[in-house]
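Data block for start16.cif (mmCIF, N, CA and C atoms):
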data_input
loop_
_atom_site.label_atom_id
_atom_site.label_comp_id
_atom_site.auth_asym_id
_atom_site.auth_seq_id
_atom_site.Cartn_x
_atom_site.Cartn_y
_atom_site.Cartn_z
N MET A 22 -20.94 -1.04 5.36
CA MET A 22 -19.71 -0.32 5.12
C MET A 22 -19.10 0.10 6.46
N MET A 23 -17.81 -0.09 6.59
CA MET A 23 -17.10 0.28 7.81
C MET A 23 -17.04 1.81 7.92
N GLU A 24 -17.37 2.30 9.09
CA GLU A 24 -17.31 3.73 9.34
C GLU A 24 -15.89 4.11 9.76
N PRO A 25 -15.46 5.34 9.47
CA PRO A 25 -14.09 5.76 9.83
C PRO A 25 -13.78 5.64 11.32
N ASP A 26 -14.79 5.67 12.19
CA ASP A 26 -14.53 5.53 13.63
C ASP A 26 -14.68 4.08 14.10
N ASP A 27 -14.76 3.14 13.17
CA ASP A 27 -14.87 1.72 13.52
C ASP A 27 -13.64 1.32 14.32
N PRO A 28 -13.80 0.60 15.44
CA PRO A 28 -12.66 0.21 16.25
C PRO A 28 -11.64 -0.66 15.51
N ARG A 29 -12.07 -1.32 14.42
CA ARG A 29 -11.12 -2.13 13.64
C ARG A 29 -10.06 -1.25 12.97
N LEU A 30 -10.31 0.05 12.91
CA LEU A 30 -9.35 0.97 12.30
C LEU A 30 -8.35 1.53 13.31
N ASP A 31 -8.52 1.20 14.57
CA ASP A 31 -7.56 1.62 15.59
C ASP A 31 -6.33 0.73 15.48
N ASN A 32 -5.17 1.34 15.33
CA ASN A 32 -3.91 0.58 15.27
C ASN A 32 -3.93 -0.50 14.20
N VAL A 33 -4.27 -0.12 12.98
CA VAL A 33 -4.31 -1.07 11.86
C VAL A 33 -2.92 -1.67 11.67
N ASP A 34 -2.87 -2.98 11.52
CA ASP A 34 -1.63 -3.72 11.32
C ASP A 34 -1.70 -4.44 9.99
N GLN A 35 -0.54 -4.76 9.44
CA GLN A 35 -0.53 -5.45 8.15
C GLN A 35 -1.29 -6.78 8.21
N SER A 36 -1.35 -7.40 9.37
CA SER A 36 -2.09 -8.66 9.49
C SER A 36 -3.60 -8.45 9.39
N ASP A 37 -4.07 -7.21 9.55
CA ASP A 37 -5.50 -6.90 9.41
C ASP A 37 -5.92 -6.78 7.95
N ILE A 38 -4.95 -6.55 7.08
CA ILE A 38 -5.23 -6.28 5.67
C ILE A 38 -5.46 -7.57 4.90
N ILE A 39 -6.49 -7.56 4.10
CA ILE A 39 -6.77 -8.65 3.17
C ILE A 39 -6.71 -8.06 1.77
N PHE A 40 -6.00 -8.74 0.87
CA PHE A 40 -5.97 -8.31 -0.52
C PHE A 40 -6.93 -9.18 -1.32
N ALA A 41 -7.87 -8.55 -1.98
CA ALA A 41 -8.77 -9.25 -2.89
C ALA A 41 -8.31 -8.90 -4.30
N GLU A 42 -7.87 -9.89 -5.03
CA GLU A 42 -7.36 -9.62 -6.38
C GLU A 42 -8.47 -9.05 -7.25
N ASN A 43 -8.08 -8.07 -8.06
CA ASN A 43 -8.98 -7.53 -9.07
C ASN A 43 -8.22 -7.47 -10.39
N VAL A 44 -8.83 -6.94 -11.41
CA VAL A 44 -8.25 -6.96 -12.75
C VAL A 44 -6.90 -6.25 -12.81
N ILE A 45 -6.72 -5.17 -12.08
CA ILE A 45 -5.50 -4.38 -12.19
C ILE A 45 -4.63 -4.42 -10.94
N GLY A 46 -4.93 -5.30 -10.01
CA GLY A 46 -4.13 -5.39 -8.80
C GLY A 46 -4.92 -5.98 -7.66
N TYR A 47 -5.05 -5.19 -6.58
CA TYR A 47 -5.67 -5.69 -5.35
C TYR A 47 -6.55 -4.63 -4.71
N ASN A 48 -7.71 -5.05 -4.24
CA ASN A 48 -8.51 -4.21 -3.36
C ASN A 48 -7.97 -4.40 -1.95
N ILE A 49 -7.87 -3.32 -1.22
CA ILE A 49 -7.43 -3.35 0.18
C ILE A 49 -8.69 -3.47 1.02
N GLN A 50 -8.75 -4.53 1.82
CA GLN A 50 -9.95 -4.78 2.61
C GLN A 50 -9.61 -5.07 4.07
N ILE A 51 -10.54 -4.71 4.93
CA ILE A 51 -10.54 -5.14 6.32
C ILE A 51 -11.96 -5.59 6.61
N GLY A 52 -12.09 -6.81 7.06
CA GLY A 52 -13.41 -7.33 7.39
C GLY A 52 -14.40 -7.31 6.24
N GLY A 53 -13.92 -7.46 5.02
CA GLY A 53 -14.80 -7.48 3.86
C GLY A 53 -15.12 -6.11 3.29
N ASP A 54 -14.73 -5.04 3.96
CA ASP A 54 -14.97 -3.69 3.46
C ASP A 54 -13.78 -3.22 2.65
N ARG A 55 -14.05 -2.62 1.48
CA ARG A 55 -12.99 -2.09 0.62
C ARG A 55 -12.58 -0.72 1.13
N LEU A 56 -11.28 -0.58 1.45
CA LEU A 56 -10.76 0.68 1.97
C LEU A 56 -9.90 1.40 0.95
N GLY A 57 -9.53 0.72 -0.13
CA GLY A 57 -8.69 1.32 -1.15
C GLY A 57 -8.24 0.25 -2.12
N ALA A 58 -7.16 0.56 -2.85
CA ALA A 58 -6.65 -0.39 -3.85
C ALA A 58 -5.19 -0.13 -4.15
N ILE A 59 -4.52 -1.20 -4.56
CA ILE A 59 -3.16 -1.10 -5.09
C ILE A 59 -3.23 -1.64 -6.51
N GLU A 60 -2.88 -0.78 -7.47
CA GLU A 60 -2.78 -1.23 -8.85
C GLU A 60 -1.35 -1.68 -9.05
N GLY A 61 -1.17 -2.91 -9.53
CA GLY A 61 0.16 -3.42 -9.78
C GLY A 61 0.22 -4.91 -9.54
N VAL A 62 1.43 -5.39 -9.52
CA VAL A 62 1.72 -6.80 -9.28
C VAL A 62 2.80 -6.85 -8.21
N PRO A 63 3.01 -8.02 -7.58
CA PRO A 63 4.07 -8.07 -6.58
C PRO A 63 5.39 -7.50 -7.13
N GLY A 64 5.96 -6.57 -6.39
CA GLY A 64 7.20 -5.92 -6.79
C GLY A 64 7.01 -4.63 -7.56
N GLN A 65 5.79 -4.34 -8.00
CA GLN A 65 5.55 -3.14 -8.81
C GLN A 65 4.23 -2.48 -8.42
N ILE A 66 4.30 -1.25 -7.94
CA ILE A 66 3.11 -0.48 -7.60
C ILE A 66 2.92 0.60 -8.65
N GLU A 67 1.81 0.53 -9.36
CA GLU A 67 1.47 1.55 -10.36
C GLU A 67 0.69 2.70 -9.72
N ASN A 68 -0.23 2.35 -8.84
CA ASN A 68 -1.06 3.34 -8.17
C ASN A 68 -1.48 2.76 -6.82
N PHE A 69 -1.64 3.62 -5.85
CA PHE A 69 -1.97 3.20 -4.49
C PHE A 69 -2.93 4.24 -3.94
N VAL A 70 -4.11 3.81 -3.55
CA VAL A 70 -5.09 4.77 -3.04
C VAL A 70 -5.82 4.18 -1.84
N VAL A 71 -6.00 5.02 -0.82
CA VAL A 71 -6.85 4.71 0.32
C VAL A 71 -8.00 5.71 0.24
N GLU A 72 -9.22 5.20 0.33
CA GLU A 72 -10.38 6.08 0.25
C GLU A 72 -10.26 7.18 1.31
N PRO A 73 -10.64 8.42 0.94
CA PRO A 73 -10.43 9.56 1.84
C PRO A 73 -10.95 9.38 3.26
N HIS A 74 -12.11 8.77 3.44
CA HIS A 74 -12.66 8.65 4.79
C HIS A 74 -11.95 7.59 5.63
N TYR A 75 -10.99 6.85 5.05
CA TYR A 75 -10.20 5.89 5.82
C TYR A 75 -8.75 6.36 6.01
N GLN A 76 -8.41 7.50 5.44
CA GLN A 76 -7.05 8.01 5.58
C GLN A 76 -6.80 8.48 7.01
N GLY A 77 -5.55 8.42 7.42
CA GLY A 77 -5.18 8.87 8.75
C GLY A 77 -5.33 7.81 9.83
N ASN A 78 -5.65 6.58 9.43
CA ASN A 78 -5.82 5.49 10.38
C ASN A 78 -4.73 4.43 10.28
N GLY A 79 -3.71 4.67 9.47
CA GLY A 79 -2.65 3.69 9.32
C GLY A 79 -2.92 2.63 8.26
N VAL A 80 -4.01 2.79 7.52
CA VAL A 80 -4.37 1.81 6.50
C VAL A 80 -3.31 1.74 5.40
N ALA A 81 -2.83 2.89 4.93
CA ALA A 81 -1.85 2.90 3.84
C ALA A 81 -0.55 2.21 4.27
N ARG A 82 -0.06 2.53 5.43
CA ARG A 82 1.18 1.92 5.91
C ARG A 82 1.00 0.40 6.09
N ALA A 83 -0.11 0.00 6.69
CA ALA A 83 -0.36 -1.43 6.89
C ALA A 83 -0.49 -2.15 5.56
N ALA A 84 -1.19 -1.53 4.60
CA ALA A 84 -1.36 -2.15 3.29
C ALA A 84 -0.02 -2.23 2.54
N LEU A 85 0.80 -1.19 2.65
CA LEU A 85 2.12 -1.22 2.02
C LEU A 85 2.96 -2.36 2.59
N ASN A 86 2.96 -2.51 3.89
CA ASN A 86 3.73 -3.59 4.51
C ASN A 86 3.18 -4.97 4.16
N ALA A 87 1.86 -5.08 4.04
CA ALA A 87 1.27 -6.35 3.61
C ALA A 87 1.65 -6.64 2.16
N PHE A 88 1.71 -5.59 1.33
CA PHE A 88 2.12 -5.76 -0.08
C PHE A 88 3.59 -6.19 -0.16
N ILE A 89 4.43 -5.60 0.67
CA ILE A 89 5.84 -6.00 0.72
C ILE A 89 5.94 -7.47 1.12
N ARG A 90 5.20 -7.86 2.15
CA ARG A 90 5.22 -9.25 2.60
C ARG A 90 4.77 -10.20 1.49
N ARG A 91 3.70 -9.83 0.79
CA ARG A 91 3.21 -10.67 -0.33
C ARG A 91 4.25 -10.74 -1.43
N SER A 92 4.87 -9.62 -1.77
CA SER A 92 5.89 -9.61 -2.82
C SER A 92 7.06 -10.51 -2.46
N ARG A 93 7.50 -10.39 -1.21
CA ARG A 93 8.61 -11.22 -0.73
C ARG A 93 8.25 -12.70 -0.82
N SER A 94 7.03 -13.05 -0.44
CA SER A 94 6.61 -14.46 -0.47
C SER A 94 6.53 -15.00 -1.90
N GLU A 95 6.42 -14.11 -2.87
CA GLU A 95 6.38 -14.53 -4.27
C GLU A 95 7.76 -14.45 -4.92
N GLY A 96 8.79 -14.25 -4.11
CA GLY A 96 10.16 -14.29 -4.61
C GLY A 96 10.70 -13.01 -5.20
N VAL A 97 10.00 -11.90 -4.98
CA VAL A 97 10.43 -10.61 -5.50
C VAL A 97 11.50 -10.03 -4.56
N SER A 98 12.53 -9.40 -5.13
CA SER A 98 13.62 -8.87 -4.31
C SER A 98 13.58 -7.36 -4.13
N GLU A 99 12.70 -6.68 -4.85
CA GLU A 99 12.55 -5.24 -4.64
C GLU A 99 11.14 -4.80 -5.03
N ILE A 100 10.74 -3.68 -4.46
CA ILE A 100 9.45 -3.06 -4.77
C ILE A 100 9.75 -1.73 -5.44
N LYS A 101 9.07 -1.47 -6.55
CA LYS A 101 9.23 -0.19 -7.26
C LYS A 101 7.88 0.48 -7.45
N THR A 102 7.90 1.79 -7.37
CA THR A 102 6.79 2.59 -7.87
C THR A 102 7.36 3.33 -9.08
N ASN A 103 6.51 3.67 -10.01
CA ASN A 103 7.06 4.36 -11.18
C ASN A 103 6.24 5.58 -11.55
N ASN A 104 5.82 6.29 -10.51
CA ASN A 104 5.13 7.54 -10.78
C ASN A 104 5.24 8.44 -9.55
N VAL A 105 4.75 9.62 -9.70
CA VAL A 105 4.73 10.57 -8.59
C VAL A 105 3.61 10.15 -7.65
N THR A 106 3.87 10.24 -6.36
CA THR A 106 2.86 9.87 -5.37
C THR A 106 2.47 11.09 -4.55
N HIS A 107 1.38 10.98 -3.85
CA HIS A 107 0.89 12.03 -2.96
C HIS A 107 1.94 12.27 -1.87
N PRO A 108 2.14 13.52 -1.43
CA PRO A 108 3.13 13.79 -0.38
C PRO A 108 2.98 12.93 0.87
N ALA A 109 1.77 12.63 1.28
CA ALA A 109 1.58 11.77 2.46
C ALA A 109 2.12 10.37 2.18
N MET A 110 1.92 9.87 0.95
CA MET A 110 2.43 8.55 0.61
C MET A 110 3.95 8.59 0.50
N GLU A 111 4.51 9.68 0.01
CA GLU A 111 5.97 9.81 -0.03
C GLU A 111 6.55 9.71 1.37
N HIS A 112 5.89 10.32 2.35
CA HIS A 112 6.35 10.24 3.74
C HIS A 112 6.35 8.79 4.21
N ILE A 113 5.29 8.06 3.91
CA ILE A 113 5.21 6.64 4.30
C ILE A 113 6.31 5.85 3.61
N LEU A 114 6.50 6.07 2.31
CA LEU A 114 7.55 5.34 1.59
C LEU A 114 8.92 5.61 2.21
N GLU A 115 9.21 6.88 2.49
CA GLU A 115 10.51 7.23 3.10
C GLU A 115 10.70 6.55 4.46
N THR A 116 9.67 6.61 5.30
CA THR A 116 9.81 6.05 6.64
C THR A 116 9.81 4.52 6.63
N GLU A 117 9.38 3.92 5.53
CA GLU A 117 9.42 2.45 5.40
C GLU A 117 10.66 1.98 4.63
N GLY A 118 11.61 2.90 4.41
CA GLY A 118 12.90 2.51 3.82
C GLY A 118 13.00 2.59 2.32
N PHE A 119 12.02 3.18 1.65
CA PHE A 119 12.11 3.36 0.20
C PHE A 119 13.02 4.55 -0.10
N GLU A 120 13.63 4.53 -1.26
CA GLU A 120 14.47 5.64 -1.72
C GLU A 120 13.97 6.09 -3.07
N GLU A 121 14.18 7.38 -3.36
CA GLU A 121 13.79 7.87 -4.68
C GLU A 121 14.63 7.17 -5.74
N ARG A 122 13.99 6.79 -6.83
CA ARG A 122 14.70 6.11 -7.91
C ARG A 122 15.57 7.11 -8.66
N THR A 123 16.71 6.64 -9.11
CA THR A 123 17.61 7.51 -9.87
C THR A 123 17.45 7.29 -11.38
N ASP A 124 16.84 6.16 -11.76
CA ASP A 124 16.70 5.85 -13.18
C ASP A 124 15.45 6.46 -13.81
N GLU A 125 14.45 6.77 -13.00
CA GLU A 125 13.23 7.42 -13.47
C GLU A 125 12.41 7.86 -12.26
N ILE A 126 11.24 8.42 -12.50
CA ILE A 126 10.39 8.92 -11.42
C ILE A 126 9.84 7.74 -10.63
N GLY A 127 9.86 7.84 -9.31
CA GLY A 127 9.29 6.81 -8.46
C GLY A 127 10.19 6.50 -7.28
N TRP A 128 9.89 5.39 -6.62
CA TRP A 128 10.58 4.96 -5.41
C TRP A 128 10.95 3.50 -5.53
N VAL A 129 11.93 3.05 -4.74
CA VAL A 129 12.37 1.66 -4.78
C VAL A 129 12.84 1.23 -3.39
N LYS A 130 12.64 -0.05 -3.10
CA LYS A 130 13.12 -0.63 -1.85
C LYS A 130 13.50 -2.08 -2.11
N GLU A 131 14.71 -2.46 -1.69
CA GLU A 131 15.09 -3.86 -1.73
C GLU A 131 14.45 -4.56 -0.54
N ILE A 132 13.94 -5.75 -0.79
CA ILE A 132 13.25 -6.48 0.31
C ILE A 132 13.91 -7.83 0.52
#

Go through the file and emit its structure as C-alpha cells.
Amino acid sequence: MMEPDDPRLDNVDQSDIIFAENVIGYNIQIGGDRLGAIEGVPGQIENFVVEPHYQGNGVARAALNAFIRRSRSEGVSEIKTNNVTHPAMEHILETEGFEERTDEIGWVKEI
C-alpha cells in the first residue's frame, strides 16, 4: 500500500492516474494502489471519494481532470454531478470551471 508520504504523491498529475473499472464506476489508482473512487459513467459523477490518508496531495484534482479527459474521449460534451459534495470538492470543482447547476443540486461543466 502506498504511504501518504510516498514521492509518487508529490505533484500528482492527471497522467499519473489510472482508472480501473468497477461495478459502479472507477477505482482511482496510482501504481496499482487504490486511492479512491468515482461512482458514475463518463459525463456523470454520482460520488467522488479520495481516501482520507491521500487527501491534500492533489489526487482529487488530478483524478477529476483525468475523468474529464476520459469523458471527452468518449464523446461527452459536459460533466455533471447531481448531489451535494464536500466543501473541499466544491472548491476543486469551482477552480476547474464547474458551475452550480440551476436545474437541480450539483455542478456542471461543458467540455

Run through the PyMOL selection byres (((chain A and resi 58-73 and name CA) around 6) and name CA) on the given coordinates and return the selected residues as an mmCIF file with N, CA and C atoms, in the frame of the given file.
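Saved the output as result-v4.cif:
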data_model
loop_
_atom_site.group_PDB
_atom_site.id
_atom_site.type_symbol
_atom_site.label_atom_id
_atom_site.label_comp_id
_atom_site.auth_asym_id
_atom_site.auth_seq_id
_atom_site.Cartn_x
_atom_site.Cartn_y
_atom_site.Cartn_z
ATOM 1 N N ILE A 45 -6.720 -5.170 -12.080
ATOM 2 C CA ILE A 45 -5.500 -4.380 -12.190
ATOM 3 C C ILE A 45 -4.630 -4.420 -10.940
ATOM 4 N N GLY A 46 -4.930 -5.300 -10.010
ATOM 5 C CA GLY A 46 -4.130 -5.390 -8.800
ATOM 6 C C GLY A 46 -4.920 -5.980 -7.660
ATOM 7 N N TYR A 47 -5.050 -5.190 -6.580
ATOM 8 C CA TYR A 47 -5.670 -5.690 -5.350
ATOM 9 C C TYR A 47 -6.550 -4.630 -4.710
ATOM 10 N N ASN A 48 -7.710 -5.050 -4.240
ATOM 11 C CA ASN A 48 -8.510 -4.210 -3.360
ATOM 12 C C ASN A 48 -7.970 -4.400 -1.950
ATOM 13 N N ILE A 49 -7.870 -3.320 -1.220
ATOM 14 C CA ILE A 49 -7.430 -3.350 0.180
ATOM 15 C C ILE A 49 -8.690 -3.470 1.020
ATOM 16 N N LEU A 56 -11.280 -0.580 1.450
ATOM 17 C CA LEU A 56 -10.760 0.680 1.970
ATOM 18 C C LEU A 56 -9.900 1.400 0.950
ATOM 19 N N GLY A 57 -9.530 0.720 -0.130
ATOM 20 C CA GLY A 57 -8.690 1.320 -1.150
ATOM 21 C C GLY A 57 -8.240 0.250 -2.120
ATOM 22 N N HIS A 74 -12.110 8.770 3.440
ATOM 23 C CA HIS A 74 -12.660 8.650 4.790
ATOM 24 C C HIS A 74 -11.950 7.590 5.630
ATOM 25 N N TYR A 75 -10.990 6.850 5.050
ATOM 26 C CA TYR A 75 -10.200 5.890 5.820
ATOM 27 C C TYR A 75 -8.750 6.360 6.010
ATOM 28 N N GLN A 76 -8.410 7.500 5.440
ATOM 29 C CA GLN A 76 -7.050 8.010 5.580
ATOM 30 C C GLN A 76 -6.800 8.480 7.010
ATOM 31 N N SER A 92 4.870 -9.620 -1.770
ATOM 32 C CA SER A 92 5.890 -9.610 -2.820
ATOM 33 C C SER A 92 7.060 -10.510 -2.460
ATOM 34 N N VAL A 97 10.000 -11.900 -4.980
ATOM 35 C CA VAL A 97 10.430 -10.610 -5.500
ATOM 36 C C VAL A 97 11.500 -10.030 -4.560
ATOM 37 N N GLU A 99 12.700 -6.680 -4.850
ATOM 38 C CA GLU A 99 12.550 -5.240 -4.640
ATOM 39 C C GLU A 99 11.140 -4.800 -5.030
ATOM 40 N N ILE A 100 10.740 -3.680 -4.460
ATOM 41 C CA ILE A 100 9.450 -3.060 -4.770
ATOM 42 C C ILE A 100 9.750 -1.730 -5.440
ATOM 43 N N LYS A 101 9.070 -1.470 -6.550
ATOM 44 C CA LYS A 101 9.230 -0.190 -7.260
ATOM 45 C C LYS A 101 7.880 0.480 -7.450
ATOM 46 N N THR A 102 7.900 1.790 -7.370
ATOM 47 C CA THR A 102 6.790 2.590 -7.870
ATOM 48 C C THR A 102 7.360 3.330 -9.080
#

> So, counting all atoms listed in the file, which residue among A:Ile126, A:Ala87, A:Ile51, A:Ile38 is closest to A:Asn104?
Replying inline: A:Ile126

> Distance atom CA of A:Glu111-atom CA of A:Gly127, one decimal place?
Replying inline: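 Straight-line distance from atom CA of A:Glu111 to atom CA of A:Gly127 works out to 9.5 Å.
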
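You can rank A:Glu115, A:Asp34, A:Glu42, A:Asp26 by their closest distance to A:Asn86 using only C-alpha atoms, and at the top of that list sits A:Asp34.
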
>> Using DSSP secondary structure from the backbone, list all helix (DSSP H, G or I) positions within stretch 22-121 of chain A, as a PyMOL selection string.
In response: chain A and resi 28-30+35-37+73-75+80-94+108-116

Let me see the file: selected residues, N, CA and C atoms, as a compact mmCIF listing (two decimals), keeping the file's coordinate frame.
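The resulting again.txt:
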# COMPACT_ATOMS: atom_id res chain seq x y z
N PRO A 28 -13.80 0.60 15.44
CA PRO A 28 -12.66 0.21 16.25
C PRO A 28 -11.64 -0.66 15.51
N ARG A 29 -12.07 -1.32 14.42
CA ARG A 29 -11.12 -2.13 13.64
C ARG A 29 -10.06 -1.25 12.97
N LEU A 30 -10.31 0.05 12.91
CA LEU A 30 -9.35 0.97 12.30
C LEU A 30 -8.35 1.53 13.31
N GLN A 35 -0.54 -4.76 9.44
CA GLN A 35 -0.53 -5.45 8.15
C GLN A 35 -1.29 -6.78 8.21
N SER A 36 -1.35 -7.40 9.37
CA SER A 36 -2.09 -8.66 9.49
C SER A 36 -3.60 -8.45 9.39
N ASP A 37 -4.07 -7.21 9.55
CA ASP A 37 -5.50 -6.90 9.41
C ASP A 37 -5.92 -6.78 7.95
N PRO A 73 -10.64 8.42 0.94
CA PRO A 73 -10.43 9.56 1.84
C PRO A 73 -10.95 9.38 3.26
N HIS A 74 -12.11 8.77 3.44
CA HIS A 74 -12.66 8.65 4.79
C HIS A 74 -11.95 7.59 5.63
N TYR A 75 -10.99 6.85 5.05
CA TYR A 75 -10.20 5.89 5.82
C TYR A 75 -8.75 6.36 6.01
N VAL A 80 -4.01 2.79 7.52
CA VAL A 80 -4.37 1.81 6.50
C VAL A 80 -3.31 1.74 5.40
N ALA A 81 -2.83 2.89 4.93
CA ALA A 81 -1.85 2.90 3.84
C ALA A 81 -0.55 2.21 4.27
N ARG A 82 -0.06 2.53 5.43
CA ARG A 82 1.18 1.92 5.91
C ARG A 82 1.00 0.40 6.09
N ALA A 83 -0.11 0.00 6.69
CA ALA A 83 -0.36 -1.43 6.89
C ALA A 83 -0.49 -2.15 5.56
N ALA A 84 -1.19 -1.53 4.60
CA ALA A 84 -1.36 -2.15 3.29
C ALA A 84 -0.02 -2.23 2.54
N LEU A 85 0.80 -1.19 2.65
CA LEU A 85 2.12 -1.22 2.02
C LEU A 85 2.96 -2.36 2.59
N ASN A 86 2.96 -2.51 3.89
CA ASN A 86 3.73 -3.59 4.51
C ASN A 86 3.18 -4.97 4.16
N ALA A 87 1.86 -5.08 4.04
CA ALA A 87 1.27 -6.35 3.61
C ALA A 87 1.65 -6.64 2.16
N PHE A 88 1.71 -5.59 1.33
CA PHE A 88 2.12 -5.76 -0.08
C PHE A 88 3.59 -6.19 -0.16
N ILE A 89 4.43 -5.60 0.67
CA ILE A 89 5.84 -6.00 0.72
C ILE A 89 5.94 -7.47 1.12
N ARG A 90 5.20 -7.86 2.15
CA ARG A 90 5.22 -9.25 2.60
C ARG A 90 4.77 -10.20 1.49
N ARG A 91 3.70 -9.83 0.79
CA ARG A 91 3.21 -10.67 -0.33
C ARG A 91 4.25 -10.74 -1.43
N SER A 92 4.87 -9.62 -1.77
CA SER A 92 5.89 -9.61 -2.82
C SER A 92 7.06 -10.51 -2.46
N ARG A 93 7.50 -10.39 -1.21
CA ARG A 93 8.61 -11.22 -0.73
C ARG A 93 8.25 -12.70 -0.82
N SER A 94 7.03 -13.05 -0.44
CA SER A 94 6.61 -14.46 -0.47
C SER A 94 6.53 -15.00 -1.90
N PRO A 108 2.14 13.52 -1.43
CA PRO A 108 3.13 13.79 -0.38
C PRO A 108 2.98 12.93 0.87
N ALA A 109 1.77 12.63 1.28
CA ALA A 109 1.58 11.77 2.46
C ALA A 109 2.12 10.37 2.18
N MET A 110 1.92 9.87 0.95
CA MET A 110 2.43 8.55 0.61
C MET A 110 3.95 8.59 0.50
N GLU A 111 4.51 9.68 0.01
CA GLU A 111 5.97 9.81 -0.03
C GLU A 111 6.55 9.71 1.37
N HIS A 112 5.89 10.32 2.35
CA HIS A 112 6.35 10.24 3.74
C HIS A 112 6.35 8.79 4.21
N ILE A 113 5.29 8.06 3.91
CA ILE A 113 5.21 6.64 4.30
C ILE A 113 6.31 5.85 3.61
N LEU A 114 6.50 6.07 2.31
CA LEU A 114 7.55 5.34 1.59
C LEU A 114 8.92 5.61 2.21
N GLU A 115 9.21 6.88 2.49
CA GLU A 115 10.51 7.23 3.10
C GLU A 115 10.70 6.55 4.46
N THR A 116 9.67 6.61 5.30
CA THR A 116 9.81 6.05 6.64
C THR A 116 9.81 4.52 6.63
